file start.pdb (PDB, C-alpha atoms and all ligand atoms)
ATOM      1  CA  MET O   1      -4.559  71.780 234.258
ATOM      2  CA  ASP O   2      -0.808  71.833 233.680
ATOM      3  CA  SER O   3      -0.120  75.118 231.890
ATOM      4  CA  ILE O   4       3.221  75.811 230.278
ATOM      5  CA  ILE O   5       2.288  79.463 229.735
ATOM      6  CA  ARG O   6       0.132  81.541 232.045
ATOM      7  CA  ILE O   7      -0.721  85.120 231.089
ATOM      8  CA  GLU O   8      -2.304  87.277 233.761
ATOM      9  CA  ASN O   9      -3.754  90.725 232.989
ATOM     10  CA  LEU O  10      -1.122  91.366 230.345
ATOM     11  CA  ILE O  11      -0.840  94.916 229.041
ATOM     12  CA  PHE O  12       1.825  95.897 226.552
ATOM     13  CA  GLU O  13       2.582  99.414 225.337
ATOM     14  CA  TYR O  14       5.143 100.506 222.758
ATOM     15  CA  GLN O  15       6.827 103.791 223.578
ATOM     16  CA  ARG O  16      10.066 104.985 222.040
ATOM     17  CA  ASP O  17      10.653 107.789 224.531
ATOM     18  CA  GLU O  18       8.930 109.808 227.230
ATOM     19  CA  THR O  19       7.739 112.524 224.835
ATOM     20  CA  GLU O  20       5.786 110.049 222.731
ATOM     21  CA  LYS O  21       2.266 108.863 223.475
ATOM     22  CA  PRO O  22       2.380 105.106 224.187
ATOM     23  CA  VAL O  23       0.692 102.706 221.745
ATOM     24  CA  ARG O  24      -1.281 100.097 223.677
ATOM     25  CA  ALA O  25      -0.845  96.934 221.585
ATOM     26  CA  LEU O  26      -2.184  94.444 224.170
ATOM     27  CA  LYS O  27      -5.061  95.230 226.536
ATOM     28  CA  ASP O  28      -5.601  93.002 229.536
ATOM     29  CA  ILE O  29      -4.959  89.523 228.146
ATOM     30  CA  ASN O  30      -5.604  86.466 230.304
ATOM     31  CA  LEU O  31      -4.704  83.090 228.809
ATOM     32  CA  GLU O  32      -3.346  79.716 229.790
ATOM     33  CA  ILE O  33      -1.629  77.445 227.296
ATOM     34  CA  LYS O  34      -1.819  73.790 228.246
ATOM     35  CA  ARG O  35       1.362  71.719 228.071
ATOM     36  CA  GLY O  36       1.416  69.621 224.895
ATOM     37  CA  SER O  37      -1.386  71.564 223.209
ATOM     38  CA  PHE O  38      -1.491  73.072 219.701
ATOM     39  CA  THR O  39      -2.943  76.578 219.632
ATOM     40  CA  ALA O  40      -3.455  78.666 216.500
ATOM     41  CA  VAL O  41      -3.597  82.444 216.865
ATOM     42  CA  LEU O  42      -5.434  84.413 214.193
ATOM     43  CA  GLY O  43      -6.181  88.090 213.732
ATOM     44  CA  LYS O  44      -5.843  90.753 211.104
ATOM     45  CA  ASN O  45      -2.685  92.868 210.769
ATOM     46  CA  GLY O  46      -2.029  95.036 213.800
ATOM     47  CA  SER O  47      -4.243  92.992 216.142
ATOM     48  CA  GLY O  48      -1.280  92.296 218.453
ATOM     49  CA  LYS O  49      -0.246  88.744 217.509
ATOM     50  CA  SER O  50       3.492  89.380 217.117
ATOM     51  CA  THR O  51       3.567  91.543 220.226
ATOM     52  CA  LEU O  52       1.987  88.691 222.151
ATOM     53  CA  ALA O  53       4.469  86.182 220.687
ATOM     54  CA  LYS O  54       7.477  88.308 221.675
ATOM     55  CA  ASN O  55       6.085  88.660 225.185
ATOM     56  CA  LEU O  56       5.859  84.875 225.470
ATOM     57  CA  ASN O  57       9.618  84.388 225.327
ATOM     58  CA  GLY O  58      10.790  87.546 227.012
ATOM     59  CA  LEU O  59      11.842  89.438 223.878
ATOM     60  CA  LEU O  60       9.358  92.051 225.096
ATOM     61  CA  LEU O  61       8.439  92.489 228.748
ATOM     62  CA  PRO O  62       4.919  93.319 229.962
ATOM     63  CA  THR O  63       4.002  96.942 230.685
ATOM     64  CA  GLY O  64       1.427  95.541 233.102
ATOM     65  CA  GLY O  65       0.483  92.081 234.365
ATOM     66  CA  THR O  66       2.614  88.939 234.434
ATOM     67  CA  ILE O  67       3.564  86.051 232.157
ATOM     68  CA  TYR O  68       4.824  82.756 233.531
ATOM     69  CA  VAL O  69       6.669  80.392 231.191
ATOM     70  CA  ASN O  70       7.408  76.981 232.702
ATOM     71  CA  GLY O  71       6.802  78.687 236.043
ATOM     72  CA  TYR O  72       9.339  81.489 235.415
ATOM     73  CA  ASP O  73       8.144  85.095 235.466
ATOM     74  CA  THR O  74       9.431  86.596 232.173
ATOM     75  CA  LYS O  75      10.354  89.775 234.086
ATOM     76  CA  ASP O  76      12.721  87.810 236.346
ATOM     77  CA  GLU O  77      16.139  88.698 234.855
ATOM     78  CA  GLU O  78      17.815  85.814 236.621
ATOM     79  CA  HIS O  79      15.732  83.334 234.636
ATOM     80  CA  ILE O  80      15.539  85.042 231.248
ATOM     81  CA  TRP O  81      17.545  82.223 229.602
ATOM     82  CA  ASP O  82      15.266  79.627 231.162
ATOM     83  CA  VAL O  83      12.353  81.503 229.610
ATOM     84  CA  ARG O  84      14.049  81.768 226.189
ATOM     85  CA  GLN O  85      15.078  78.105 226.270
ATOM     86  CA  SER O  86      11.598  76.954 227.342
ATOM     87  CA  ALA O  87       9.752  78.923 224.675
ATOM     88  CA  GLY O  88      11.590  79.035 221.332
ATOM     89  CA  MET O  89      10.539  81.410 218.560
ATOM     90  CA  VAL O  90      10.410  80.960 214.795
ATOM     91  CA  PHE O  91       9.755  84.105 212.782
ATOM     92  CA  GLN O  92       8.338  84.842 209.348
ATOM     93  CA  ASN O  93      11.575  85.569 207.526
ATOM     94  CA  PRO O  94      14.174  82.767 207.756
ATOM     95  CA  ASP O  95      16.882  85.114 206.416
ATOM     96  CA  ASN O  96      16.719  87.110 209.633
ATOM     97  CA  GLN O  97      17.188  83.995 211.763
ATOM     98  CA  LEU O  98      20.194  82.354 210.132
ATOM     99  CA  VAL O  99      23.547  83.554 211.426
ATOM    100  CA  SER O 100      26.223  81.135 210.142
ATOM    101  CA  ALA O 101      27.738  80.254 206.772
ATOM    102  CA  ILE O 102      27.174  76.507 207.266
ATOM    103  CA  VAL O 103      23.885  74.823 208.106
ATOM    104  CA  GLU O 104      25.145  72.702 211.022
ATOM    105  CA  ASP O 105      26.889  75.685 212.657
ATOM    106  CA  ASP O 106      23.662  77.569 212.449
ATOM    107  CA  VAL O 107      21.720  74.830 214.195
ATOM    108  CA  ALA O 108      24.473  74.589 216.844
ATOM    109  CA  PHE O 109      24.334  78.315 217.617
ATOM    110  CA  GLY O 110      21.458  78.142 220.126
ATOM    111  CA  PRO O 111      22.746  75.150 222.152
ATOM    112  CA  GLU O 112      26.265  76.685 222.152
ATOM    113  CA  ASN O 113      24.844  79.802 223.754
ATOM    114  CA  LEU O 114      23.214  77.616 226.383
ATOM    115  CA  GLY O 115      26.668  76.252 227.270
ATOM    116  CA  ILE O 116      25.896  72.639 226.262
ATOM    117  CA  GLU O 117      28.781  70.117 225.922
ATOM    118  CA  PRO O 118      30.188  69.770 222.348
ATOM    119  CA  ALA O 119      29.348  66.036 222.054
ATOM    120  CA  GLU O 120      25.775  66.666 223.171
ATOM    121  CA  ILE O 121      25.533  69.620 220.746
ATOM    122  CA  ARG O 122      26.559  67.334 217.874
ATOM    123  CA  ARG O 123      23.883  64.798 218.825
ATOM    124  CA  ARG O 124      21.244  67.506 219.078
ATOM    125  CA  VAL O 125      22.217  69.107 215.760
ATOM    126  CA  ASP O 126      22.003  65.764 213.927
ATOM    127  CA  LYS O 127      18.664  64.904 215.495
ATOM    128  CA  ALA O 128      17.198  68.367 214.877
ATOM    129  CA  LEU O 129      18.282  68.320 211.224
ATOM    130  CA  ASN O 130      16.728  64.872 210.792
ATOM    131  CA  ASP O 131      13.530  66.081 212.477
ATOM    132  CA  VAL O 132      13.150  68.729 209.763
ATOM    133  CA  ASN O 133      14.309  66.368 206.963
ATOM    134  CA  MET O 134      17.435  68.415 206.303
ATOM    135  CA  GLY O 135      20.095  65.922 207.458
ATOM    136  CA  ALA O 136      21.637  65.783 203.979
ATOM    137  CA  PHE O 137      22.226  69.543 203.998
ATOM    138  CA  LYS O 138      24.310  69.860 207.143
ATOM    139  CA  GLY O 139      27.501  70.969 205.360
ATOM    140  CA  LYS O 140      25.744  73.295 202.918
ATOM    141  CA  ALA O 141      25.567  77.100 202.922
ATOM    142  CA  PRO O 142      22.150  78.364 204.109
ATOM    143  CA  HIS O 143      22.010  81.158 201.517
ATOM    144  CA  LEU O 144      21.932  78.561 198.707
ATOM    145  CA  LEU O 145      18.782  76.924 200.069
ATOM    146  CA  SER O 146      15.144  77.625 199.173
ATOM    147  CA  GLY O 147      12.955  79.684 201.507
ATOM    148  CA  GLY O 148      11.249  76.562 202.838
ATOM    149  CA  GLN O 149      14.576  74.813 203.444
ATOM    150  CA  LYS O 150      15.930  77.878 205.253
ATOM    151  CA  GLN O 151      12.857  77.973 207.436
ATOM    152  CA  ARG O 152      13.406  74.285 208.262
ATOM    153  CA  ILE O 153      16.988  75.112 209.311
ATOM    154  CA  ALA O 154      15.674  77.925 211.509
ATOM    155  CA  ILE O 155      13.229  75.456 213.096
ATOM    156  CA  ALA O 156      16.063  72.938 213.635
ATOM    157  CA  GLY O 157      18.035  75.667 215.444
ATOM    158  CA  VAL O 158      15.147  76.109 217.864
ATOM    159  CA  VAL O 159      14.505  72.352 218.223
ATOM    160  CA  ALA O 160      18.190  71.817 219.126
ATOM    161  CA  MET O 161      17.630  73.934 222.239
ATOM    162  CA  LYS O 162      15.053  71.348 223.401
ATOM    163  CA  PRO O 163      12.287  73.841 224.112
ATOM    164  CA  SER O 164       9.034  72.719 225.770
ATOM    165  CA  CYS O 165       7.136  75.120 223.566
ATOM    166  CA  ILE O 166       7.703  76.692 220.147
ATOM    167  CA  ILE O 167       5.984  79.882 219.073
ATOM    168  CA  PHE O 168       5.775  80.183 215.308
ATOM    169  CA  ASP O 169       5.002  83.711 214.061
ATOM    170  CA  GLU O 170       3.604  83.288 210.536
ATOM    171  CA  PRO O 171       6.355  80.797 209.606
ATOM    172  CA  THR O 172       4.881  80.031 206.189
ATOM    173  CA  ALA O 173       3.926  83.565 205.118
ATOM    174  CA  MET O 174       6.879  83.929 202.724
ATOM    175  CA  LEU O 175       6.773  80.388 201.304
ATOM    176  CA  ASP O 176       5.193  78.791 198.255
ATOM    177  CA  PRO O 177       2.488  76.127 198.774
ATOM    178  CA  LYS O 178       5.042  73.282 198.708
ATOM    179  CA  GLY O 179       7.261  74.984 201.307
ATOM    180  CA  ARG O 180       4.155  75.766 203.391
ATOM    181  CA  ASN O 181       3.037  72.132 203.403
ATOM    182  CA  GLU O 182       6.485  70.930 204.453
ATOM    183  CA  ILE O 183       6.600  73.367 207.361
ATOM    184  CA  MET O 184       3.081  72.442 208.470
ATOM    185  CA  LYS O 185       3.992  68.745 208.397
ATOM    186  CA  ILE O 186       7.037  69.415 210.592
ATOM    187  CA  ILE O 187       5.001  71.513 213.025
ATOM    188  CA  GLN O 188       2.495  68.675 213.348
ATOM    189  CA  GLU O 189       5.289  66.131 213.899
ATOM    190  CA  LEU O 190       6.916  68.293 216.598
ATOM    191  CA  HIS O 191       3.531  68.569 218.286
ATOM    192  CA  ALA O 192       3.090  64.785 218.076
ATOM    193  CA  GLU O 193       6.471  64.412 219.823
ATOM    194  CA  GLY O 194       5.126  66.424 222.756
ATOM    195  CA  ILE O 195       6.214  69.984 222.006
ATOM    196  CA  THR O 196       3.628  72.633 222.823
ATOM    197  CA  VAL O 197       2.875  74.628 219.664
ATOM    198  CA  VAL O 198       1.603  78.179 219.350
ATOM    199  CA  LEU O 199       1.128  78.944 215.654
ATOM    200  CA  ILE O 200       0.345  82.474 214.510
ATOM    201  CA  THR O 201      -1.005  82.259 210.997
ATOM    202  CA  HIS O 202      -3.298  83.918 208.504
ATOM    203  CA  PHE O 203      -4.061  80.646 206.743
ATOM    204  CA  MET O 204      -7.360  79.255 207.997
ATOM    205  CA  GLU O 205      -6.434  75.774 206.762
ATOM    206  CA  GLU O 206      -3.398  75.829 209.059
ATOM    207  CA  ALA O 207      -5.526  76.954 211.996
ATOM    208  CA  ALA O 208      -7.829  74.005 211.338
ATOM    209  CA  CYS O 209      -4.917  71.678 212.295
ATOM    210  CA  ALA O 210      -4.806  73.079 215.852
ATOM    211  CA  ASP O 211      -6.795  71.884 218.868
ATOM    212  CA  ARG O 212      -7.504  75.450 219.973
ATOM    213  CA  VAL O 213      -8.042  78.646 218.007
ATOM    214  CA  ILE O 214      -7.640  82.131 219.467
ATOM    215  CA  ILE O 215      -8.708  85.151 217.445
ATOM    216  CA  MET O 216      -7.127  88.460 218.433
ATOM    217  CA  HIS O 217      -8.716  91.809 217.653
ATOM    218  CA  ASN O 218      -7.448  95.268 218.658
ATOM    219  CA  GLY O 219      -5.057  93.861 221.246
ATOM    220  CA  GLU O 220      -7.677  91.662 222.896
ATOM    221  CA  VAL O 221      -8.782  88.029 222.746
ATOM    222  CA  PHE O 222     -11.902  88.150 220.576
ATOM    223  CA  LEU O 223     -12.717  84.424 220.296
ATOM    224  CA  ASP O 224     -11.161  81.400 221.997
ATOM    225  CA  GLY O 225     -12.221  77.775 221.634
ATOM    226  CA  THR O 226     -11.835  74.585 219.656
ATOM    227  CA  PRO O 227     -11.660  75.089 215.872
ATOM    228  CA  GLU O 228     -15.257  73.803 215.689
ATOM    229  CA  GLU O 229     -16.464  76.301 218.308
ATOM    230  CA  VAL O 230     -14.670  79.256 216.738
ATOM    231  CA  PHE O 231     -15.300  78.570 213.058
ATOM    232  CA  SER O 232     -18.982  77.712 213.580
ATOM    233  CA  GLN O 233     -19.394  81.423 214.447
ATOM    234  CA  GLY O 234     -18.917  82.472 210.826
ATOM    235  CA  GLU O 235     -20.467  85.913 211.184
ATOM    236  CA  LYS O 236     -18.355  86.814 214.187
ATOM    237  CA  VAL O 237     -15.202  85.574 212.438
ATOM    238  CA  ARG O 238     -16.030  87.608 209.344
ATOM    239  CA  SER O 239     -16.791  90.696 211.464
ATOM    240  CA  VAL O 240     -13.053  90.978 212.220
ATOM    241  CA  ASN O 241     -12.148  90.541 208.547
ATOM    242  CA  LEU O 242     -11.165  86.882 208.738
ATOM    243  CA  ASP O 243     -12.500  83.945 206.754
ATOM    244  CA  VAL O 244     -13.525  80.524 207.925
ATOM    245  CA  PRO O 245     -11.737  77.494 206.414
ATOM    246  CA  LEU O 246     -12.993  76.414 202.999
ATOM    247  CA  ALA O 247     -14.458  73.155 204.378
ATOM    248  CA  VAL O 248     -16.496  75.072 206.994
ATOM    249  CA  GLU O 249     -17.900  77.406 204.352
ATOM    250  CA  LEU O 250     -18.731  74.487 202.082
ATOM    251  CA  ALA O 251     -20.395  72.602 204.963
ATOM    252  CA  ALA O 252     -22.605  75.638 205.704
ATOM    253  CA  LYS O 253     -23.731  75.827 202.043
ATOM    254  CA  LEU O 254     -24.383  72.069 201.911
ATOM    255  CA  ARG O 255     -26.476  72.330 205.091
ATOM    256  CA  GLU O 256     -28.589  75.053 203.462
ATOM    257  CA  GLU O 257     -29.281  72.508 200.718
ATOM    258  CA  GLY O 258     -30.362  69.967 203.313
ATOM    259  CA  ILE O 259     -27.175  67.882 203.366
ATOM    260  CA  ASP O 260     -26.225  67.328 206.982
ATOM    261  CA  ILE O 261     -22.474  67.671 207.419
ATOM    262  CA  PRO O 262     -21.190  67.042 210.986
ATOM    263  CA  ALA O 263     -19.987  70.178 212.798
ATOM    264  CA  ASN O 264     -16.541  68.708 213.525
ATOM    265  CA  ILE O 265     -15.540  68.772 209.866
ATOM    266  CA  ILE O 266     -13.131  71.703 209.667
ATOM    267  CA  GLY O 267     -10.297  70.602 207.391
ATOM    268  CA  THR O 268     -10.352  69.974 203.647
ATOM    269  CA  GLU O 269      -9.039  66.401 204.047
ATOM    270  CA  GLU O 270     -11.778  65.500 206.548
ATOM    271  CA  MET O 271     -14.406  66.946 204.215
ATOM    272  CA  VAL O 272     -13.108  64.888 201.286
ATOM    273  CA  GLU O 273     -13.102  61.758 203.445
ATOM    274  CA  TYR O 274     -16.642  62.407 204.656
ATOM    275  CA  LEU O 275     -18.063  63.088 201.193
ATOM    276  CA  CYS O 276     -16.292  60.055 199.668
ATOM    277  CA  GLN O 277     -18.456  57.782 201.825
ATOM    278  CA  TYR O 278     -21.258  58.582 199.364
ATOM    279  CA  LYS O 279     -19.348  57.693 196.228
TER     280      LYS O 279
HETATM  281  P1  LIG O 301       0.185  91.734 214.326
HETATM  282  O1  LIG O 301       1.366  90.837 214.526
HETATM  283  O2  LIG O 301      -1.108  91.109 214.741
HETATM  284  O3  LIG O 301       0.106  92.262 212.929
HETATM  285  P2  LIG O 301       1.620  93.599 216.026
HETATM  286  O4  LIG O 301       1.795  92.920 217.327
HETATM  287  O5  LIG O 301       2.778  93.647 215.104
HETATM  288  O6  LIG O 301       0.335  92.992 215.300
HETATM  289  O7  LIG O 301       1.168  95.098 216.278
HETATM  290  C1  LIG O 301       0.181  95.455 217.235
HETATM  291  C2  LIG O 301       0.084  96.971 217.348
HETATM  292  O8  LIG O 301       1.300  97.482 217.862
HETATM  293  C3  LIG O 301      -0.141  97.682 216.008
HETATM  294  O9  LIG O 301      -0.980  98.771 216.226
HETATM  295  C4  LIG O 301       1.242  98.129 215.621
HETATM  296  O10 LIG O 301       1.193  99.283 214.825
HETATM  297  C5  LIG O 301       1.880  98.436 216.961
HETATM  298  N1  LIG O 301       3.341  98.201 216.932
HETATM  299  C6  LIG O 301       3.981  97.050 216.586
HETATM  300  N2  LIG O 301       5.322  97.190 216.688
HETATM  301  C7  LIG O 301       5.536  98.452 217.110
HETATM  302  C8  LIG O 301       6.710  99.203 217.421
HETATM  303  N3  LIG O 301       7.935  98.661 217.326
HETATM  304  N4  LIG O 301       6.542 100.500 217.822
HETATM  305  C9  LIG O 301       5.315 101.039 217.928
HETATM  306  N5  LIG O 301       4.168 100.387 217.671
HETATM  307  C10 LIG O 301       4.267  99.114 217.264
HETATM  308 MG    MG O 302       2.742  90.015 213.130
END

call {"tool": "encode", "arguments": {"input": "start.pdb", "output": "structure tokens"}}
result
Amino acid sequence: MDSIIRIENLIFEYQRDETEKPVRALKDINLEIKRGSFTAVLGKNGSGKSTLAKNLNGLLLPTGGTIYVNGYDTKDEEHIWDVRQSAGMVFQNPDNQLVSAIVEDDVAFGPENLGIEPAEIRRRVDKALNDVNMGAFKGKAPHLLSGGQKQRIAIAGVVAMKPSCIIFDEPTAMLDPKGRNEIMKIIQELHAEGITVVLITHFMEEAACADRVIIMHNGEVFLDGTPEEVFSQGEKVRSVNLDVPLAVELAAKLREEGIDIPANIIGTEEMVEYLCQYK
């Protein structure tokens, strides 16, 4: 298996100074993320999702164990920019990610820092803005845009660095349903183009779009499998205060009534399609 990310016995502790007792946020995590895959990471607040995300691109370094990104050890200072360029990050709040007064400058910021040629930067900026359907906004001021548009600019800034993998940490949490749908569509398109996606989310419907679901609990991997495998364990999922997607819950109730819904129906759209056969 060709893994873009390999996590071996990862431990992470927060500690401000020596006098303070360390907080162990991640406890012995072992994971491999396959190149080109789409993984959703779920877990209630404080389960360690953001800490894991920041470890994946070297923003935080392991207290114990090792993480390899594209073959580079994240602790290897010589290759920290290779790690950051390989695994881009998109955070929850787009306001904290935008740095320039003009959209296209913002998108150019990452590639400029990588020392890319100006002509190549221009090509990348145009392509990245088109990828997120924001080409028409390249001369605009980011602060005049909606939350969803700003998040798309932030995504374009990461895409312009040509990462192999993008880690999205609750990218839709601050958006309205329309903005959320737009971001999810773009994430799915980037995945279709070959980018490895790790999506941290608390929306079960978004997790249903992935080909793998990991549930974190108390700094550990609690469940890991296909969406079907994970969400069919409703009681276990609920035991860590998470829900299963609406379609999975509905399928379970229909089965109780003797209507046999196939186990691979996880998303709302698939459920609608399946039920419409009986119109
Ligand atoms: P999640 O993203 O799943 O909500 P986090 O990774 O943010 O979880 O947090 C995991 C644990 O680490 C929590 O117990 C949290 O309180 C703790 N933590 C997070 N950030 C810090 C920090 N900067 N200093 C100390 N503890 C932290
Ligand atoms: Mg978080």

call {"tool": "residues_around", "arguments": {"input": "start.pdb", "residues": "Glu189 in chain O", "least_positions_apart": "2", "cutoff": "12 Å", "atoms": "all atoms listed in the file", "output": "PyMOL selection string"}}
result
chain O and resi 38+130-133+159+182-187+191-197+209

call {"tool": "residues_around", "arguments": {"input": "start.pdb", "residues": "Asn45 in chain O", "least_positions_apart": "2", "cutoff": "12 Å", "atoms": "all atoms listed in the file", "output": "list in words"}}
result
Ala25, Leu42, Gly43, Ser47, Gly48, Lys49, Ser50, Thr51, Glu170, Ile200, Thr201, His202, Ile215, Met216, His217, Asn218, Gly219, Val240, Asn241 and Leu242 of chain O

call {"tool": "closest_residue", "arguments": {"input": "start.pdb", "among": "O:Val103, O:Leu31, O:Ala154, O:Leu246", "to": "Phe203 in chain O", "atoms": "all atoms listed in the file"}}
result
O:Leu246

call {"tool": "residues_near_point", "arguments": {"input": "start.pdb", "point": "(14.0, 82.5, 230.3)", "cutoff": "9 Å", "atoms": "all atoms listed in the file", "output": "list in words"}}
result
Asn57, Gly58, Val69, Asn70, Tyr72, Asp73, Thr74, Lys75, Asp76, Glu77, Glu78, His79, Ile80, Trp81, Asp82, Val83, Arg84, Gln85, Ser86 and Ala87 of chain O

call {"tool": "write_last_selection", "arguments": {"input": "start.pdb", "atoms": "C-alpha atoms", "output": "compact mmCIF listing (two decimals), in the frame of the given file"}}
result
# COMPACT_ATOMS: atom_id res chain seq x y z
CA ASN O 57 9.62 84.39 225.33
CA GLY O 58 10.79 87.55 227.01
CA VAL O 69 6.67 80.39 231.19
CA ASN O 70 7.41 76.98 232.70
CA TYR O 72 9.34 81.49 235.42
CA ASP O 73 8.14 85.10 235.47
CA THR O 74 9.43 86.60 232.17
CA LYS O 75 10.35 89.78 234.09
CA ASP O 76 12.72 87.81 236.35
CA GLU O 77 16.14 88.70 234.86
CA GLU O 78 17.82 85.81 236.62
CA HIS O 79 15.73 83.33 234.64
CA ILE O 80 15.54 85.04 231.25
CA TRP O 81 17.55 82.22 229.60
CA ASP O 82 15.27 79.63 231.16
CA VAL O 83 12.35 81.50 229.61
CA ARG O 84 14.05 81.77 226.19
CA GLN O 85 15.08 78.10 226.27
CA SER O 86 11.60 76.95 227.34
CA ALA O 87 9.75 78.92 224.68

call {"tool": "atom_distance", "arguments": {"input": "start.pdb", "atom1": "CA of Glu117 in chain O", "atom2": "CA of Ala136 in chain O"}}
result
23.5 Å
